[in-house]
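Novice: Next comes the structure file my_file_38.txt, holding compact mmCIF, C-alpha atoms.
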```
# COMPACT_ATOMS: atom_id res chain seq x y z
CA MET G 1 23.80 43.28 22.52
CA SER G 2 20.72 41.29 21.64
CA ASP G 3 20.74 42.85 18.17
CA THR G 4 23.95 41.01 17.37
CA GLN G 5 22.36 37.67 18.25
CA PRO G 6 20.44 35.89 15.50
CA LEU G 7 16.66 36.07 15.90
CA VAL G 8 14.75 32.79 15.84
CA LEU G 9 10.97 32.76 15.50
CA VAL G 10 9.51 29.80 17.39
CA VAL G 11 6.04 28.83 16.18
CA GLU G 12 4.47 26.36 18.59
CA ASP G 13 0.99 26.23 20.10
CA SER G 14 1.87 24.24 23.20
CA GLU G 15 2.90 26.71 25.91
CA PRO G 16 5.31 24.36 27.77
CA ILE G 17 7.11 23.38 24.56
CA ARG G 18 7.27 26.99 23.40
CA THR G 19 8.81 28.06 26.70
CA ALA G 20 11.27 25.14 26.64
CA PHE G 21 12.45 26.14 23.15
CA THR G 22 12.71 29.77 24.24
CA ILE G 23 14.94 28.80 27.17
CA LEU G 24 16.99 26.44 25.01
CA LEU G 25 17.61 29.02 22.31
CA GLU G 26 18.22 31.96 24.64
CA GLU G 27 20.73 29.92 26.65
CA SER G 28 22.45 29.04 23.37
CA GLY G 29 22.96 32.63 22.29
CA TYR G 30 19.86 33.40 20.23
CA THR G 31 17.17 35.99 20.55
CA VAL G 32 13.71 34.46 20.46
CA ALA G 33 10.35 35.63 19.19
CA ALA G 34 7.55 33.20 20.01
CA ALA G 35 4.26 32.72 18.17
CA PRO G 36 1.48 30.50 19.53
CA THR G 37 -0.59 30.61 16.32
CA GLY G 38 -0.05 30.62 12.57
CA ALA G 39 -1.44 34.13 12.29
CA ASP G 40 1.04 35.39 14.90
CA ALA G 41 3.83 33.61 13.02
CA VAL G 42 3.04 35.32 9.74
CA ARG G 43 2.73 38.69 11.47
CA LEU G 44 6.00 38.31 13.41
CA ALA G 45 7.89 37.04 10.35
CA GLY G 46 7.03 40.29 8.57
CA GLY G 47 7.65 42.40 11.69
CA GLU G 48 10.11 45.15 12.49
CA ARG G 49 13.09 42.82 12.76
CA THR G 50 13.14 40.02 10.21
CA PRO G 51 13.87 36.66 11.89
CA ASP G 52 17.01 34.81 10.80
CA LEU G 53 15.18 31.49 11.11
CA VAL G 54 11.68 30.12 11.70
CA LEU G 55 11.17 26.93 13.72
CA LEU G 56 7.72 25.84 12.69
CA ASP G 57 5.49 23.33 14.43
CA LEU G 58 3.00 21.86 11.97
CA GLY G 59 0.02 21.27 14.23
CA LEU G 60 -1.27 24.78 14.83
CA PRO G 61 -4.75 25.69 16.03
CA ASP G 62 -5.66 28.24 13.34
CA ILE G 63 -3.90 27.63 10.03
CA SER G 64 -1.73 24.64 9.16
CA GLY G 65 2.03 24.84 9.41
CA ILE G 66 2.34 24.28 5.69
CA GLU G 67 0.10 27.29 5.06
CA VAL G 68 2.34 29.35 7.33
CA ALA G 69 5.43 28.22 5.38
CA ARG G 70 3.75 29.04 2.05
CA SER G 71 2.70 32.41 3.33
CA ILE G 72 6.23 33.27 4.54
CA LYS G 73 7.79 31.99 1.31
CA GLY G 74 5.18 33.75 -0.82
CA ASN G 75 5.95 37.18 0.58
CA PRO G 76 8.99 38.90 -1.03
CA ALA G 77 9.82 40.56 2.31
CA THR G 78 10.07 37.25 4.16
CA ARG G 79 10.80 34.69 1.46
CA ASP G 80 14.53 34.45 2.27
CA ILE G 81 13.97 33.41 5.89
CA PRO G 82 14.88 29.71 6.23
CA VAL G 83 12.00 27.68 7.65
CA VAL G 84 12.63 24.44 9.56
CA ALA G 85 9.52 22.34 10.18
CA LEU G 86 8.99 20.25 13.30
CA THR G 87 6.88 17.24 12.37
CA GLY G 88 5.22 14.35 14.09
CA ARG G 89 5.90 10.89 12.72
CA ASP G 90 2.32 10.54 11.54
CA ASP G 91 2.19 13.69 9.44
CA ASP G 92 1.71 11.33 6.55
CA GLY G 93 3.22 12.31 3.24
CA SER G 94 3.89 15.85 4.34
CA ARG G 95 7.59 15.64 3.48
CA GLU G 96 7.20 16.53 -0.19
CA ALA G 97 4.57 19.12 0.62
CA LEU G 98 6.94 20.75 3.13
CA LEU G 99 9.78 20.93 0.64
CA ALA G 100 7.42 22.25 -2.01
CA ALA G 101 6.27 24.89 0.47
CA GLY G 102 9.89 26.01 0.76
CA CYS G 103 11.00 24.46 4.07
CA SER G 104 14.76 23.90 4.24
CA ALA G 105 14.55 20.95 6.62
CA PHE G 106 12.19 19.02 8.82
CA LEU G 107 12.93 17.52 12.21
CA LEU G 108 11.05 14.76 13.93
CA LYS G 109 9.62 15.64 17.33
CA PRO G 110 10.75 15.42 20.05
CA VAL G 111 13.80 17.10 18.64
CA ASP G 112 17.22 16.18 20.04
CA THR G 113 18.04 19.59 21.50
CA GLN G 114 21.84 19.20 21.24
CA ALA G 115 21.59 18.21 17.59
CA LEU G 116 19.26 21.15 16.92
CA ILE G 117 21.65 23.65 18.50
CA ARG G 118 24.54 22.21 16.49
CA ALA G 119 22.52 22.44 13.26
CA LEU G 120 21.13 25.98 13.72
CA PRO G 121 24.08 27.94 12.25
CA GLY G 122 23.90 25.77 9.12
CA TYR G 123 20.16 26.36 8.73
CA ILE G 124 20.66 30.11 9.13
CA ALA G 125 23.55 30.22 6.63
CA ASN G 126 21.54 28.46 3.92
CA THR G 127 18.86 30.94 3.07
CA GLY G 128 16.57 28.86 0.94
CA PRO G 129 15.83 25.24 0.18
CA GLY G 130 18.60 22.93 -0.92
CA MET H 1 -41.18 -14.32 -1.47
CA THR H 2 -38.67 -11.57 -1.00
CA ASP H 3 -36.22 -10.35 -3.49
CA LEU H 4 -33.26 -9.47 -1.37
CA ARG H 5 -30.22 -7.42 -2.12
CA LEU H 6 -27.54 -6.51 0.35
CA THR H 7 -25.38 -3.49 -0.08
CA ILE H 8 -22.25 -3.67 1.98
CA HIS H 9 -20.49 -0.57 3.21
CA GLY H 10 -16.99 -1.01 4.46
CA GLY H 11 -15.09 -2.77 1.77
CA HIS H 12 -13.73 -6.20 1.23
CA GLU H 13 -13.23 -7.29 4.79
CA ALA H 14 -16.86 -6.65 5.73
CA GLU H 15 -17.98 -8.35 2.56
CA ALA H 16 -15.84 -11.40 3.23
CA ARG H 17 -17.20 -11.64 6.76
CA LEU H 18 -20.79 -11.33 5.58
CA ARG H 19 -20.22 -14.01 2.96
CA GLU H 20 -18.90 -16.29 5.68
CA VAL H 21 -21.92 -15.71 7.95
CA LEU H 22 -24.38 -16.18 5.11
CA ALA H 23 -22.75 -19.39 4.00
CA ARG H 24 -22.91 -20.71 7.54
CA GLU H 25 -26.60 -19.78 7.77
CA GLY H 26 -27.30 -21.83 4.68
CA PHE H 27 -27.71 -19.07 2.09
CA ARG H 28 -26.60 -19.30 -1.48
CA ILE H 29 -24.91 -16.20 -2.80
CA VAL H 30 -25.86 -15.07 -6.27
CA GLU H 31 -23.35 -12.64 -7.70
CA PRO H 32 -24.89 -9.40 -8.89
CA PRO H 33 -25.02 -8.59 -12.59
CA ARG H 34 -21.99 -6.54 -13.68
CA ALA H 35 -23.79 -3.26 -14.39
CA GLU H 36 -25.37 -3.14 -10.95
CA ALA H 37 -22.10 -3.82 -9.20
CA ALA H 38 -20.50 -0.73 -10.59
CA ASP H 39 -20.83 1.45 -7.54
CA LEU H 40 -20.88 -0.40 -4.23
CA PRO H 41 -20.21 -4.05 -3.68
CA ALA H 42 -23.59 -5.80 -3.57
CA LEU H 43 -24.55 -9.41 -3.05
CA VAL H 44 -27.79 -11.05 -4.03
CA VAL H 45 -28.48 -13.96 -1.74
CA GLU H 46 -31.12 -16.61 -1.41
CA PRO H 47 -31.39 -19.56 0.96
CA ALA H 48 -30.09 -22.78 -0.54
CA GLY H 49 -32.99 -24.87 -1.81
CA HIS H 50 -35.32 -21.86 -2.18
CA ALA H 51 -34.91 -21.19 -5.85
CA HIS H 52 -37.88 -18.81 -5.94
CA GLY H 53 -36.72 -16.23 -3.47
CA VAL H 54 -36.06 -15.60 0.19
CA PRO H 55 -38.72 -16.16 2.84
CA ARG H 56 -39.57 -13.09 4.85
CA GLU H 57 -38.00 -14.19 8.15
CA TYR H 58 -34.72 -14.94 6.44
CA ALA H 59 -34.79 -11.53 4.86
CA ARG H 60 -35.24 -9.94 8.25
CA ARG H 61 -32.36 -11.88 9.73
CA ILE H 62 -30.06 -10.87 6.90
CA GLU H 63 -31.01 -7.25 7.33
CA GLU H 64 -30.21 -7.52 11.02
CA LEU H 65 -26.86 -9.04 10.19
CA GLU H 66 -26.13 -6.27 7.77
CA ARG H 67 -27.03 -3.64 10.37
CA THR H 68 -24.85 -5.35 12.97
CA ILE H 69 -21.87 -5.47 10.65
CA LEU H 70 -22.31 -1.81 9.80
CA GLU H 71 -22.52 -0.88 13.50
CA LEU H 72 -19.38 -2.87 14.29
CA ARG H 73 -17.59 -1.21 11.44
CA ASN H 74 -18.56 2.27 12.65
CA LEU H 75 -17.50 1.36 16.16
CA ASP H 76 -14.14 0.23 14.87
CA VAL H 77 -13.59 3.51 13.03
CA ALA H 78 -14.66 5.48 16.12
CA LYS H 79 -12.27 3.48 18.28
CA SER H 80 -9.38 4.14 15.90
CA GLN H 81 -10.25 7.84 15.80
CA PHE H 82 -10.30 7.93 19.59
CA LEU H 83 -6.89 6.26 19.78
CA THR H 84 -5.48 8.78 17.32
CA ASN H 85 -6.78 11.72 19.35
CA VAL H 86 -5.57 10.35 22.65
CA SER H 87 -2.12 9.61 21.25
CA HIS H 88 -1.80 13.18 20.01
CA GLU H 89 -2.79 14.55 23.40
CA LEU H 90 -0.29 12.27 25.16
CA ARG H 91 2.60 13.25 22.96
CA THR H 92 2.57 16.99 23.49
CA PRO H 93 3.28 16.96 27.26
CA LEU H 94 5.85 14.20 26.80
CA THR H 95 7.66 16.27 24.20
CA ALA H 96 7.78 19.13 26.70
CA ILE H 97 9.20 16.81 29.40
CA VAL H 98 11.93 15.49 27.08
CA THR H 99 12.90 19.00 25.96
CA TYR H 100 13.06 20.37 29.50
CA GLY H 101 14.98 17.27 30.58
CA GLU H 102 17.62 17.89 27.94
CA ILE H 103 17.88 21.56 28.91
CA LEU H 104 18.51 20.55 32.53
CA ARG H 105 20.88 17.73 31.54
CA ASP H 106 23.02 20.08 29.49
CA GLY H 107 23.45 22.44 32.42
CA MET H 108 21.70 25.33 30.69
CA LEU H 109 19.91 26.27 33.90
CA GLY H 110 22.92 25.74 36.18
CA GLU H 111 25.57 23.19 36.95
CA ILE H 112 24.37 19.72 37.88
CA THR H 113 26.13 16.88 39.69
CA PRO H 114 26.94 13.59 37.90
CA ARG H 115 24.20 11.83 39.91
CA GLN H 116 21.64 14.45 38.97
CA ARG H 117 22.69 14.02 35.38
CA GLU H 118 22.21 10.26 35.65
CA ALA H 119 18.71 10.77 37.08
CA ILE H 120 17.78 13.18 34.28
CA GLU H 121 19.20 10.83 31.60
CA SER H 122 17.02 8.07 32.95
CA MET H 123 13.98 10.34 32.93
CA ILE H 124 14.61 11.33 29.30
CA GLY H 125 15.18 7.70 28.30
CA SER H 126 11.91 6.60 29.87
CA CYS H 127 10.05 9.43 28.20
CA ARG H 128 11.45 8.58 24.78
CA GLN H 129 10.51 4.94 25.32
CA LEU H 130 6.97 5.95 26.23
CA LEU H 131 6.80 8.19 23.18
CA SER H 132 7.88 5.43 20.84
CA MET H 133 5.18 3.16 22.25
CA ILE H 134 2.59 5.88 21.71
CA GLU H 135 3.86 6.28 18.13
CA GLU H 136 3.35 2.58 17.65
CA ILE H 137 -0.22 2.64 18.96
CA LEU H 138 -0.96 5.64 16.78
CA THR H 139 0.47 3.95 13.70
CA TYR H 140 -1.54 0.84 14.45
CA ALA H 141 -4.74 2.84 14.86
CA ARG H 142 -4.19 4.58 11.55
CA THR H 143 -3.33 1.36 9.74
CA ASN H 144 -6.39 -0.26 11.22
CA ALA H 145 -8.64 2.59 10.16
CA GLN H 146 -7.18 2.13 6.67
CA ALA H 147 -6.07 5.74 6.84
CA ILE H 148 -2.62 4.77 5.59
CA SER H 149 -1.76 4.70 1.94
CA ILE H 150 1.40 3.78 0.09
CA GLN H 151 3.54 6.50 -1.45
CA PRO H 152 6.08 4.64 -3.54
CA SER H 153 9.40 6.01 -4.71
CA ASP H 154 12.59 4.40 -6.03
CA PHE H 155 15.37 3.95 -3.48
CA ASP H 156 18.34 1.79 -2.53
CA VAL H 157 17.65 -0.79 0.17
CA ASP H 158 21.22 -0.20 1.35
CA ASP H 159 20.32 3.38 2.13
CA VAL H 160 17.39 2.45 4.37
CA VAL H 161 19.44 -0.22 6.16
CA ARG H 162 22.11 2.38 6.92
CA THR H 163 19.52 4.87 8.23
CA VAL H 164 17.98 2.26 10.51
CA HIS H 165 21.40 1.09 11.67
CA ASP H 166 22.43 4.65 12.55
CA MET H 167 19.25 5.08 14.59
CA ASN H 168 20.21 2.00 16.63
CA ALA H 169 23.97 2.57 16.67
CA SER H 170 24.21 3.48 20.35
CA LEU H 171 22.17 0.41 21.40
CA ILE H 172 24.28 -1.88 19.21
CA GLU H 173 27.41 -0.46 20.78
CA ARG H 174 26.08 -0.70 24.33
CA LYS H 175 25.27 -4.40 23.84
CA SER H 176 28.58 -5.05 22.01
CA LEU H 177 26.70 -6.61 19.08
CA THR H 178 28.28 -7.15 15.69
CA PHE H 179 26.12 -5.77 12.89
CA ASP H 180 26.70 -6.85 9.29
CA THR H 181 25.03 -5.96 6.03
CA ASP H 182 25.13 -8.26 3.03
CA LEU H 183 23.46 -7.02 -0.14
CA ALA H 184 23.51 -8.94 -3.40
CA GLY H 185 25.51 -7.27 -6.17
CA ASP H 186 22.61 -7.51 -8.64
CA LEU H 187 20.06 -6.05 -6.24
CA PRO H 188 17.68 -3.70 -8.08
CA ARG H 189 16.41 -0.49 -6.50
CA ALA H 190 13.21 -0.85 -4.52
CA HIS H 191 9.95 0.71 -5.67
CA ALA H 192 8.05 1.09 -2.41
CA ASP H 193 7.06 3.49 0.34
CA ARG H 194 10.45 4.33 1.83
CA ASP H 195 9.12 5.39 5.24
CA LYS H 196 7.06 2.21 5.59
CA VAL H 197 9.99 0.02 4.61
CA ALA H 198 12.17 1.90 7.11
CA HIS H 199 9.49 1.27 9.73
CA VAL H 200 9.40 -2.47 8.98
CA LEU H 201 13.20 -2.73 9.00
CA GLY H 202 13.41 -0.63 12.14
CA ASN H 203 10.99 -2.96 13.86
CA LEU H 204 12.79 -6.14 12.80
CA ILE H 205 16.25 -4.79 13.61
CA GLY H 206 14.96 -3.37 16.91
CA ASN H 207 13.58 -6.79 17.85
CA ALA H 208 16.81 -8.50 16.78
CA ILE H 209 18.80 -6.17 19.05
CA ASP H 210 16.29 -6.57 21.88
CA PHE H 211 16.22 -10.35 21.86
CA THR H 212 19.94 -10.94 21.29
CA PRO H 213 22.17 -11.19 24.37
CA ASP H 214 25.26 -8.97 24.74
CA GLY H 215 28.07 -9.82 22.35
CA GLY H 216 25.69 -11.41 19.83
CA HIS H 217 25.27 -10.96 16.13
CA VAL H 218 22.73 -9.19 13.89
CA GLN H 219 22.87 -9.39 10.10
CA VAL H 220 20.74 -7.79 7.38
CA MET H 221 20.72 -9.39 3.93
CA ALA H 222 18.92 -8.42 0.75
CA ARG H 223 18.72 -10.33 -2.53
CA ARG H 224 16.38 -11.03 -5.40
CA SER H 225 13.43 -13.18 -4.32
CA ARG H 226 13.70 -16.72 -5.61
CA ALA H 227 9.94 -16.90 -6.19
CA ASP H 228 9.91 -13.78 -8.37
CA ARG H 229 13.24 -12.26 -9.34
CA THR H 230 11.72 -8.79 -9.83
CA TRP H 231 10.96 -8.74 -6.09
CA ILE H 232 13.44 -8.10 -3.29
CA GLU H 233 13.75 -10.37 -0.28
CA VAL H 234 15.14 -8.82 2.90
CA VAL H 235 16.36 -10.98 5.78
CA VAL H 236 17.09 -9.84 9.33
CA GLU H 237 19.01 -12.51 11.19
CA ASP H 238 20.07 -12.59 14.82
CA SER H 239 21.84 -14.93 17.22
CA GLY H 240 19.23 -14.31 19.91
CA ILE H 241 16.93 -16.47 22.02
CA GLY H 242 14.85 -17.64 19.05
CA ILE H 243 11.12 -18.31 18.77
CA ASP H 244 9.34 -21.62 19.21
CA PRO H 245 7.74 -22.64 15.87
CA VAL H 246 4.32 -22.90 17.55
CA HIS H 247 4.44 -19.12 18.00
CA HIS H 248 5.50 -18.21 14.47
CA GLU H 249 2.00 -17.15 13.42
CA LEU H 250 0.98 -15.68 16.79
CA ILE H 251 3.78 -13.11 16.90
CA PHE H 252 2.37 -11.30 13.85
CA GLN H 253 -0.99 -10.84 15.52
CA GLU H 254 -1.74 -7.61 17.32
CA PHE H 255 -1.23 -7.42 21.09
CA ALA H 256 0.64 -10.73 21.03
CA GLN H 257 3.51 -11.27 23.43
CA VAL H 258 4.74 -14.81 23.40
CA ASP H 259 4.97 -14.90 27.15
CA ALA H 260 4.13 -12.33 29.74
CA SER H 261 7.44 -12.51 31.61
CA ARG H 262 9.36 -11.78 28.44
CA ALA H 263 7.03 -8.87 27.73
CA ARG H 264 8.07 -7.34 31.02
CA ILE H 265 11.77 -7.60 30.27
CA HIS H 266 11.45 -6.66 26.62
CA HIS H 267 9.03 -3.76 26.83
CA GLY H 268 6.71 -3.21 23.93
CA THR H 269 3.13 -2.77 22.89
CA GLY H 270 2.92 -6.09 21.05
CA LEU H 271 1.97 -4.13 17.94
CA GLY H 272 5.31 -3.90 16.18
CA LEU H 273 5.14 -7.04 14.05
CA ALA H 274 1.42 -6.61 13.38
CA ILE H 275 2.18 -3.15 11.94
CA ALA H 276 5.14 -4.54 10.01
CA ARG H 277 2.90 -7.18 8.47
CA GLN H 278 0.27 -4.56 7.56
CA PHE H 279 2.91 -2.41 5.86
CA VAL H 280 4.39 -5.34 3.95
CA ARG H 281 0.94 -6.46 2.83
CA LEU H 282 0.07 -2.94 1.68
CA HIS H 283 2.90 -3.44 -0.84
CA GLY H 284 1.56 -6.85 -1.82
CA GLY H 285 4.51 -8.51 -0.10
CA ARG H 286 4.93 -11.27 2.44
CA ILE H 287 6.58 -11.44 5.88
CA TRP H 288 7.53 -14.58 7.79
CA VAL H 289 9.98 -16.04 10.27
CA GLU H 290 12.25 -19.05 10.46
CA SER H 291 13.42 -19.82 13.97
CA GLY H 292 13.59 -22.31 16.82
CA LEU H 293 14.15 -21.84 20.54
CA GLY H 294 17.82 -21.09 21.17
CA GLU H 295 18.63 -20.97 17.46
CA GLY H 296 18.32 -17.27 16.75
CA SER H 297 15.71 -15.91 14.34
CA ARG H 298 15.55 -15.05 10.66
CA PHE H 299 12.77 -12.67 9.66
CA PHE H 300 12.03 -12.36 5.94
CA PHE H 301 9.97 -9.88 3.98
CA THR H 302 9.52 -9.12 0.31
CA LEU H 303 9.02 -5.81 -1.44
CA PRO H 304 8.67 -4.80 -5.09
CA SER H 305 11.71 -3.60 -7.02
CA VAL H 306 11.62 -1.03 -9.83
CA GLU H 307 11.53 -4.00 -12.22
CA ALA H 308 8.37 -5.38 -10.61
CA ALA H 309 6.80 -1.93 -10.81
CA ASN H 310 7.69 -1.62 -14.51
CA GLY H 311 6.41 -5.11 -15.21
CA ALA H 312 3.12 -4.37 -13.47
CA ALA H 313 2.72 -1.14 -15.41
CA ALA H 314 3.52 -2.87 -18.69
CA SER H 315 1.04 -5.71 -18.17
CA GLY H 316 -1.52 -3.35 -16.67
CA SER H 317 -1.98 -5.42 -13.54
CA ALA H 318 -0.76 -5.23 -9.98
CA ALA H 319 2.06 -7.52 -8.94
CA ALA H 320 1.04 -10.20 -6.46
```
With the file now loaded, output its structure as structure tokens.
Specialist:
Amino acid sequence: MSDTQPLVLVVEDSEPIRTAFTILLEESGYTVAAAPTGADAVRLAGGERTPDLVLLDLGLPDISGIEVARSIKGNPATRDIPVVALTGRDDDGSREALLAAGCSAFLLKPVDTQALIRALPGYIANTGPG
Amino acid sequence: MTDLRLTIHGGHEAEARLREVLAREGFRIVEPPRAEAADLPALVVEPAGHAHGVPREYARRIEELERTILELRNLDVAKSQFLTNVSHELRTPLTAIVTYGEILRDGMLGEITPRQREAIESMIGSCRQLLSMIEEILTYARTNAQAISIQPSDFDVDDVVRTVHDMNASLIERKSLTFDTDLAGDLPRAHADRDKVAHVLGNLIGNAIDFTPDGGHVQVMARRSRADRTWIEVVVEDSGIGIDPVHHELIFQEFAQVDASRARIHHGTGLGLAIARQFVRLHGGRIWVESGLGEGSRFFFTLPSVEAANGAAASGSAAA
């Protein structure tokens, strides 16, 4: 059953936010893989089941979110996974860098959860920027 | 006799302040020769009337002044850094609260009653309000630490106005305000930092909505500046409570709230207009207000158009 649900990889270092997103997505019909660090994100993206989408927080403890996006987009096995970045308002000038790194979209935190759920199918359908 | 040279770390503001203090203390400032000024700003000073150099005790006092200014400067940077860190730490738990609130509100963890929903809505609203105030403090800290730079691009003012309007649409509707946009037909595209301009407009429009009673009127206009037709002048006008002319300068200063009772009704950090002014000035523009008590307010600001940017590039100098 869970195999038929799209798999979303949630990359977020804050445990409460990660859990909240997991609940939100699971209750909305998605299967969730959660990564608390950039290294975990890269590993899980290239794991047994390829995620259908990555929700990527930019402020990670080990490597920056942009590095994670580049790494996912630089690997032929994972390059087609759409990556949606979650940014803070003060991530100054990161917009162009995020697009250049291959992110399909960026959302300002705290994300409007209803809007996110509505937008997810569109993000998943568009595999790649633009 | 002491030959005295001051090297000032910290840029123009520190230099201006030091010049002021020295002038007050009776020193004459001798500008450094060009070649020596290449690297850091340096001033050569001597006390007025002492053409042959600076007596030792004066030299010591100047050095003390220099040290004090440097210490203050470092303290200011440390304070801004602290504010930035604290704001980050405050935002993460608040984001979690908002997200959980929305999950509960939408019945994902079980049915809720209308009154429970109302309570949760109020909780989410308060959290978002708190978050936006933290954003404002963070932005102010960064602007103050001069950590903010301009990233210009070409864009339509109309576009930014629409974005800001959409962000405030529910508030405008709730207060039954009319919202009009009036852009001159010959308006050139802007050449500015789009996010910063959106921030300035968001602040002005937010204030206009805040300080205008239900059923009132908010209008945004944009036209070529009369002073320099390659610049754009944006006006945000409201039919609100207005501002006494004696407060027209005060409201652009940080932490200013014209009166404390109003601050309690119209929440805010008192940083919004100070940040707006910083952002406008970073573009070389100007921001001001025309208003009187009970007459509504008209806030103006100017920003460079693509034509101003081309002109500046062609003449090799920055537009003023």
Novice: Considering only C-alpha atoms, extract the chain G residues located within 12 Å of chain H and return them as a ChimeraX atom specification.
Specialist: /G:12-29,57,59,86-96,108-117
Novice: Which protein, DNA or RNA residues are at most 7 Å from (24.0, -6.9, 21.4) in the file's coordinates when you count all atoms listed in the file, listed as a PDB file with C-alpha atoms, in the coordinates of the input?
Specialist:
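part03.pdb, written as the output of this step:
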```
ATOM      1  CA  ILE H 172      24.280  -1.880  19.210  1.00  0.00           C
ATOM      2  CA  LYS H 175      25.270  -4.400  23.840  1.00  0.00           C
ATOM      3  CA  SER H 176      28.580  -5.050  22.010  1.00  0.00           C
ATOM      4  CA  LEU H 177      26.700  -6.610  19.080  1.00  0.00           C
ATOM      5  CA  ILE H 209      18.800  -6.170  19.050  1.00  0.00           C
ATOM      6  CA  THR H 212      19.940 -10.940  21.290  1.00  0.00           C
ATOM      7  CA  PRO H 213      22.170 -11.190  24.370  1.00  0.00           C
ATOM      8  CA  ASP H 214      25.260  -8.970  24.740  1.00  0.00           C
ATOM      9  CA  GLY H 215      28.070  -9.820  22.350  1.00  0.00           C
ATOM     10  CA  GLY H 216      25.690 -11.410  19.830  1.00  0.00           C
ATOM     11  CA  HIS H 217      25.270 -10.960  16.130  1.00  0.00           C
TER      12      HIS H 217
END
```
Novice: Fewer than 4 positions away in the same chain doesn't count, so skip those; otherwise give me all residues within 12 Å of Asp228 in chain H, counting all atoms listed in the file, as a PyMOL selection string.
Specialist: chain H and resi 223-224+232-233+285+302-305+307-308+311+319-320
Novice: At what distance in Å, to one decimal, does CA of Val10 in chain G lie from CA of Lys73 in chain G?
Specialist: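 So the two atoms, CA of Lys73 in chain G and CA of Val10 in chain G, lie 16.3 Å apart.
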Novice: Do you know which residues lie at most 9 Å from (12.1, 31.0, 11.1), with coordinates as in the file and only C-alpha atoms counted, and could you write them as a PyMOL selection string?
Specialist: chain G and resi 7-11+41+45+51-56+81-84+124
Novice: Have a look at H:Val157, H:Gly292, H:Ile137, H:Ala169 and name the one nearest to Ala184 in chain H; count only C-alpha atoms.
Specialist: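 Selected residue with least distance to Ala184 in chain H: H:Val157.
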Novice: Grab the CA of Ile287 in chain H to CA of Glu173 in chain H distance for me, in Å with one decimal place.
Specialist: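 About the pair CA of Ile287 in chain H and CA of Glu173 in chain H: they are 27.9 Å apart.
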Novice: Just the residues within 12 Å of Arg162 in chain H, please, counting all atoms listed in the file, with nothing from its chain fewer than 4 positions along; format it as a list of chain:residue names.
Specialist: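 In the requested form, the answer reads H:Asp156, H:Val157, H:Asp158, H:Asp166, H:Met167, H:Asn168, H:Ala169, H:Phe179, H:Asp180, H:Thr181, H:Asp182, H:Leu183, H:Ala198, H:Leu201, H:Gly202, H:Ile205, H:Val220.
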Novice: Could you work out how far CA of Val234 in chain H lies from CA of Phe299 in chain H, giving the answer in Å with one decimal?
Specialist: 8.1 Å
Novice: Show me, as an mmCIF file with C-alpha atoms, in the coordinates of the input, the residues that have an atom within 12 Å of Gly46 in chain G when counting all atoms listed in the file, minus same-chain residues fewer than 2 positions from it.
Specialist:
```
data_model
loop_
_atom_site.group_PDB
_atom_site.id
_atom_site.type_symbol
_atom_site.label_atom_id
_atom_site.label_comp_id
_atom_site.auth_asym_id
_atom_site.auth_seq_id
_atom_site.Cartn_x
_atom_site.Cartn_y
_atom_site.Cartn_z
ATOM 1 C CA LEU G 9 10.970 32.760 15.500
ATOM 2 C CA ALA G 39 -1.440 34.130 12.290
ATOM 3 C CA ASP G 40 1.040 35.390 14.900
ATOM 4 C CA ALA G 41 3.830 33.610 13.020
ATOM 5 C CA VAL G 42 3.040 35.320 9.740
ATOM 6 C CA ARG G 43 2.730 38.690 11.470
ATOM 7 C CA LEU G 44 6.000 38.310 13.410
ATOM 8 C CA GLU G 48 10.110 45.150 12.490
ATOM 9 C CA ARG G 49 13.090 42.820 12.760
ATOM 10 C CA THR G 50 13.140 40.020 10.210
ATOM 11 C CA PRO G 51 13.870 36.660 11.890
ATOM 12 C CA ASP G 52 17.010 34.810 10.800
ATOM 13 C CA VAL G 54 11.680 30.120 11.700
ATOM 14 C CA VAL G 68 2.340 29.350 7.330
ATOM 15 C CA SER G 71 2.700 32.410 3.330
ATOM 16 C CA ILE G 72 6.230 33.270 4.540
ATOM 17 C CA LYS G 73 7.790 31.990 1.310
ATOM 18 C CA GLY G 74 5.180 33.750 -0.820
ATOM 19 C CA ASN G 75 5.950 37.180 0.580
ATOM 20 C CA PRO G 76 8.990 38.900 -1.030
ATOM 21 C CA ALA G 77 9.820 40.560 2.310
ATOM 22 C CA THR G 78 10.070 37.250 4.160
ATOM 23 C CA ARG G 79 10.800 34.690 1.460
ATOM 24 C CA ASP G 80 14.530 34.450 2.270
ATOM 25 C CA ILE G 81 13.970 33.410 5.890
#
```
Novice: Excluding Phe300 in chain H and its own-chain neighbours fewer than 4 positions away, which residues fall within 9 Å of it when counting only C-alpha atoms? Please give them as a compact mmCIF listing (two decimals) with C-alpha atoms, keeping the file's coordinate frame.
Specialist:
```
# COMPACT_ATOMS: atom_id res chain seq x y z
CA GLU H 233 13.75 -10.37 -0.28
CA VAL H 234 15.14 -8.82 2.90
CA VAL H 235 16.36 -10.98 5.78
CA VAL H 236 17.09 -9.84 9.33
CA GLU H 237 19.01 -12.51 11.19
CA ARG H 286 4.93 -11.27 2.44
CA ILE H 287 6.58 -11.44 5.88
CA TRP H 288 7.53 -14.58 7.79
CA VAL H 289 9.98 -16.04 10.27
CA GLU H 290 12.25 -19.05 10.46
```
Novice: Name the closest residue to Arg281 in chain H among the candidates H:Val197, H:Val246, H:Ala309, H:Val160; distances are taken between atoms, counting only C-alpha atoms.
Specialist: H:Val197
